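> After the structure tokens below, expect a handful of questions from me.
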Amino acid sequence: MPSQRDGNYMNVDSDSDISLLGDGDGDYHLRGKNKGKGKAVDKKKKDKGKSKAKDQAYTWEASYTRSWDTVQEDEAGSLQGAVEDWIARGRRRRLLAPAAAIRRTIIRHLILLLDLSTSMMDRDMRPTRFDLTLEYAREFITEWFDQNPLGQIGVVGMRAGIGERIGEMSGNPQDVLKSIADRHRLEPTGEPSLQNAVDMARSSMSHLPTHSSREILVIFGSLTTCDPGNIHDTLDACVKNKIRISVVALAAEMKICRELCDKTGGQFGVALNEGHFKDLLFELVPPPAQRAMTRAAGSGATNPAADLMMMGFPTRLPDTSPASLCVCHSEMKSEGFLCPRCMAKVCDVPTDCDICGLMIVSSPHLARSYHHLFPVKPYDAIGSLADTPDAGLACHACARIFPTTALTSTSTEGMSPLNRYRCPECHNDFCGDCDVFVHDVVHCCPGCGK
Amino acid sequence: MEKASHLSVILDLSPTQWHLSAQSSNQYPLSIHSFLSQLLAFLNAHIASKHENTLAVFGAFPGKSVMLYSSTDPVADDVPPADANSYSSFKVVDFTIVRSIMNEFDALGNLDEEPPCALVGALTKALCCKSISAHFHSPNAVEDPAVLPDPRILILSVSPDLSTSYIPIMNSIFSAQKLKVTIDVCKVYGPDAVFLQQAAHLTGGSYIFLERRDALLQYLTMSFLSPPALRQVLAVPKQDKIDFRAACFCHKNIVDVGFVCSVCLSSNHILFYVVKLWFTYMCTVFCQPVPVCSTCR
């Protein structure tokens, strides 16, 4: 019945759901459609096979590791070994972190430079580079403000050859998130211009005081930049203004991007996949160690630092207090914070007082940055019970009983076969879970309280 | 139907403070014995309100912190057998807690000078405890029946604030905030504790200063027994005034306007260079040596 088949064709084309549920005719159509696709896949497969057979046509293929190749099963088919390896790697990285004193910037200013060119519509990262970037940018901003409560973020986009201000510099995470919330307003078009965008970011940070850090984070998906002038002049200006540029590239390494980062002291990275992209971004969350050189040049003498900032600690008014107008929005409100110098009422902290200009913070805001300055010392992995005096029976933190015999025969470096980790200060033992938890979340040793 | 909940209780067991609290010169003296009996009644009420409810009790003793009881641990062997007049779960809780506290007090011995209470240790232990940290270790395992939602911590404090423990206590508070743990504070004796006020405020719990200390049990059941989800309905009392001022790190004075070192180096000091408020809003006295932050030279 050819006529009916035709009818089915019509149906299938107008509504794809039917074809999935449909009868034999629908199936037939689907198969027809898939044929083309299947061919393409086959072709790709063949291509892949060929390139492998040709013993890697491109050198980058040699260094490219596939995530599924790095995970190795052991003889029993278990992934336990691979998982432990990951944990061990994390531990070692923490041990490598300098234990000595680092000076870190607490008050940060960051301009987030988003590439909004057509290359962001590529689907090599799921769902698209653009959607993924927006999603990670949101997580990044939340985490960044969590760790840098006194910092401020502004957002600039690179679209159609110009720099476009998307969000003003703001200390309120909600404001920044709102500026990139509307996906349709940010729809990628045209070519990006690195120079225009960096210049715009630079000019918006030129008025900032010297004690704060100025940073630009570029998320760059394109392989080209169309600039009106010499981008090296812009780069020199950034170096002069002590702006640190970091780039996360989604496509490949570009020489100018690498140079921007190297000359200004930022970090450069090319994202291999979605997870690596996120890692690269989140590496930039903790405040950067401050370079002694730039500061020495700044104030000359042997005493480079010690810019003291005047800050006010406000009094919070409870919900039950009599309502009055706030100075920031002129709204009638009962709750709020009183500036300690001029007694004006502001809605939210941290902020600058609108009347007297005093920086108003609450003490928890300052305290939130402390764990960068005073990290918990890394715990030592205990190899065997023989050479450890007075070993406790259970984890000092979560009170779980330690195993008495070694869990794994193979001992990885930095991992304890007994799952015991000892604090060098208070000599209490902790289990592996608590070790990670204490260093990553609590930032305070349960044994010595430091 | 409300869900089961986890409660961690932190007891501040400083012998000196409890001795002072029991003195009859107070308006409402409260000895540790009557405190414990009222507390145990509260803990029993928590267990009884839902069968799946879990409980952990931590003690902050001078210089050390101990886990006194955890409902996930296996029951100790030497618990006396149940008799006809008591509910066996209550009996296990009461017996274990009282025995552990007595053991620890006996182990203290005669100290010439009492070291400060290890409240930070107890708080971090409570956070490390599996019922709470499980949310961090496996964020996807929400369906796991052993991991209860909305864990909360109740601190029963008698000691005054310890300014040296400011940083660790703030770190614990921030991690609690991150883990979405509510911290409730009941100040049983002594002056208001600014750090704990901030803890309750930042984590969305309530801070209650006990005015009638003979009515402890009533305060506990009225304000702290209900899980956080129910509290919006119940209108639990919260504190009105929170002190957001910082203590200066050179003189430990609480200040309104201070000078903060903008860049800081990690060492054992902290960043405040503070000017005492001498006259109305006129800053005068610098602490010495003048404006050089000892931390970052």
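We label chains A, B, ... in the order they appear in the structure tokens, count residues from 1 in each chain, and number ligands from 1 in the order shown.
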Give me the residues near Leu13 (chain B) as a list in words, where near means some atom within 6 Å (using only C-alpha atoms) and where sequence neighbours in that chain fewer than 2 positions away do not count.
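Contacts, in chain order: Leu11, Ala60 and Phe61 of chain B.
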> Do a neighbour search on region 366-371 of chain A at 7 Å with only C-alpha atoms, toss out local chain neighbours closer than 2 positions, and write the hits as a list in words.
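So the residues in contact are Ile106, Gln147, Asn148, Ser363, Pro364, Leu373, Phe374, Pro375 and His443 of chain A; Ile167 and Met170 of chain B.
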> What are the DSSP alpha helix (DSSP H) residues of region 181-362 of chain A, as a ChimeraX atom specification?
/A:194-205,231-240,255-264,274-282,292-299
> Do you have the CA of Met125 (chain A)-CA of Gly167 (chain A) distance handy?
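Going from CA of Met125 (chain A) over to CA of Gly167 (chain A) covers 25.3 Å.
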> Give me the residues within 10 Å of Asn230 (chain A) as an mmCIF file with C-alpha atoms, in the first residue's frame, counting only C-alpha atoms and dropping any in the same chain fewer than 4 places off.

data_model
loop_
_atom_site.group_PDB
_atom_site.id
_atom_site.type_symbol
_atom_site.label_atom_id
_atom_site.label_comp_id
_atom_site.auth_asym_id
_atom_site.auth_seq_id
_atom_site.Cartn_x
_atom_site.Cartn_y
_atom_site.Cartn_z
ATOM 1 C CA GLN A 195 42.332 43.794 22.450
ATOM 2 C CA THR A 234 47.633 46.622 25.341
ATOM 3 C CA LEU A 235 49.716 43.910 26.893
#
> Contacts of Glu283 (chain A) at 12 Å or less, counting only C-alpha atoms, minus same-chain residues fewer than 5 places along, as a list in words?
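My reading of the contact set: Phe140, Glu143, Trp144, Leu217, Ser246, Val247, Val248, Gly266, Gln267, Phe268, Gly269, His276, Phe277, Lys278 and Pro288 of chain A.
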> Near region 104-108 of chain B, counting only C-alpha atoms, which residues have an atom at most 12 Å away, once you skip same-chain residues fewer than 5 positions from it, shown as a list in words?
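Neighbouring residues, sequence-local ones excluded: Leu13, Ser14, Pro15, Thr16, Phe58, Gly59, Ala60, Phe61, Pro62, Gly63, Lys64, Ser65, Val66, Met67, Leu68, Ile97, Val98, Arg99, Glu113, Glu114 and Pro115 of chain B.
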> Among region 24-65 of chain B, which ones does DSSP place in strand (DSSP E), written as a list in words?
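Residues meeting the strand (DSSP E) criterion: Thr54, Leu55, Ala56, Val57, Phe58, Gly59, Ala60, Phe61, Lys64 and Ser65 of chain B.
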> Go ahead and write the selection's residues with N, CA, C and O atoms as a PDB file, in the first residue's frame.

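out27.pdb was written with the following content:
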ATOM      1  N   THR B  54      18.524  10.121  64.934  1.00  0.00           N
ATOM      2  CA  THR B  54      19.838   9.739  65.439  1.00  0.00           C
ATOM      3  C   THR B  54      20.390  10.856  66.313  1.00  0.00           C
ATOM      4  O   THR B  54      19.986  12.012  66.209  1.00  0.00           O
ATOM      5  N   LEU B  55      21.347  10.467  67.148  1.00  0.00           N
ATOM      6  CA  LEU B  55      21.840  11.379  68.169  1.00  0.00           C
ATOM      7  C   LEU B  55      23.324  11.143  68.372  1.00  0.00           C
ATOM      8  O   LEU B  55      23.802  10.008  68.322  1.00  0.00           O
ATOM      9  N   ALA B  56      24.075  12.216  68.540  1.00  0.00           N
ATOM     10  CA  ALA B  56      25.477  12.093  68.938  1.00  0.00           C
ATOM     11  C   ALA B  56      25.740  13.158  69.985  1.00  0.00           C
ATOM     12  O   ALA B  56      25.214  14.264  69.890  1.00  0.00           O
ATOM     13  N   VAL B  57      26.500  12.801  71.003  1.00  0.00           N
ATOM     14  CA  VAL B  57      26.788  13.752  72.076  1.00  0.00           C
ATOM     15  C   VAL B  57      28.295  13.879  72.218  1.00  0.00           C
ATOM     16  O   VAL B  57      29.009  12.881  72.285  1.00  0.00           O
ATOM     17  N   PHE B  58      28.760  15.119  72.231  1.00  0.00           N
ATOM     18  CA  PHE B  58      30.190  15.381  72.374  1.00  0.00           C
ATOM     19  C   PHE B  58      30.401  16.220  73.626  1.00  0.00           C
ATOM     20  O   PHE B  58      29.576  17.062  73.959  1.00  0.00           O
ATOM     21  N   GLY B  59      31.515  15.980  74.293  1.00  0.00           N
ATOM     22  CA  GLY B  59      31.828  16.764  75.475  1.00  0.00           C
ATOM     23  C   GLY B  59      33.085  17.570  75.242  1.00  0.00           C
ATOM     24  O   GLY B  59      34.072  17.064  74.730  1.00  0.00           O
ATOM     25  N   ALA B  60      33.037  18.851  75.634  1.00  0.00           N
ATOM     26  CA  ALA B  60      34.239  19.685  75.576  1.00  0.00           C
ATOM     27  C   ALA B  60      34.759  19.835  76.991  1.00  0.00           C
ATOM     28  O   ALA B  60      34.153  20.519  77.813  1.00  0.00           O
ATOM     29  N   PHE B  61      35.834  19.122  77.291  1.00  0.00           N
ATOM     30  CA  PHE B  61      36.436  19.183  78.617  1.00  0.00           C
ATOM     31  C   PHE B  61      37.630  20.120  78.554  1.00  0.00           C
ATOM     32  O   PHE B  61      38.094  20.460  77.463  1.00  0.00           O
ATOM     33  N   LYS B  64      40.564  18.933  76.193  1.00  0.00           N
ATOM     34  CA  LYS B  64      40.307  17.804  75.303  1.00  0.00           C
ATOM     35  C   LYS B  64      38.829  17.695  74.969  1.00  0.00           C
ATOM     36  O   LYS B  64      37.975  18.225  75.696  1.00  0.00           O
ATOM     37  N   SER B  65      38.530  17.039  73.870  1.00  0.00           N
ATOM     38  CA  SER B  65      37.131  16.863  73.503  1.00  0.00           C
ATOM     39  C   SER B  65      36.881  15.383  73.276  1.00  0.00           C
ATOM     40  O   SER B  65      37.745  14.677  72.756  1.00  0.00           O
TER      41      SER B  65
END
> What separation in Å, quoted to one decimal, exists between CA of Ser88 (chain B) and CA of Ser71 (chain B)?
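These two atoms are separated by 13.1 Å.
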> Can you pull out every residue within 12 Å of region 257-262 of chain A, counting only C-alpha atoms, but drop anything in the same chain fewer than 3 positions away, and send it as a count of residues only?
41
> Using only C-alpha atoms, which of the listed residues (B:Pro29, B:Pro80, B:Gly190, B:Pro74) sits closest to chain A?
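Result for the nearest residue to chain A: B:Pro74.
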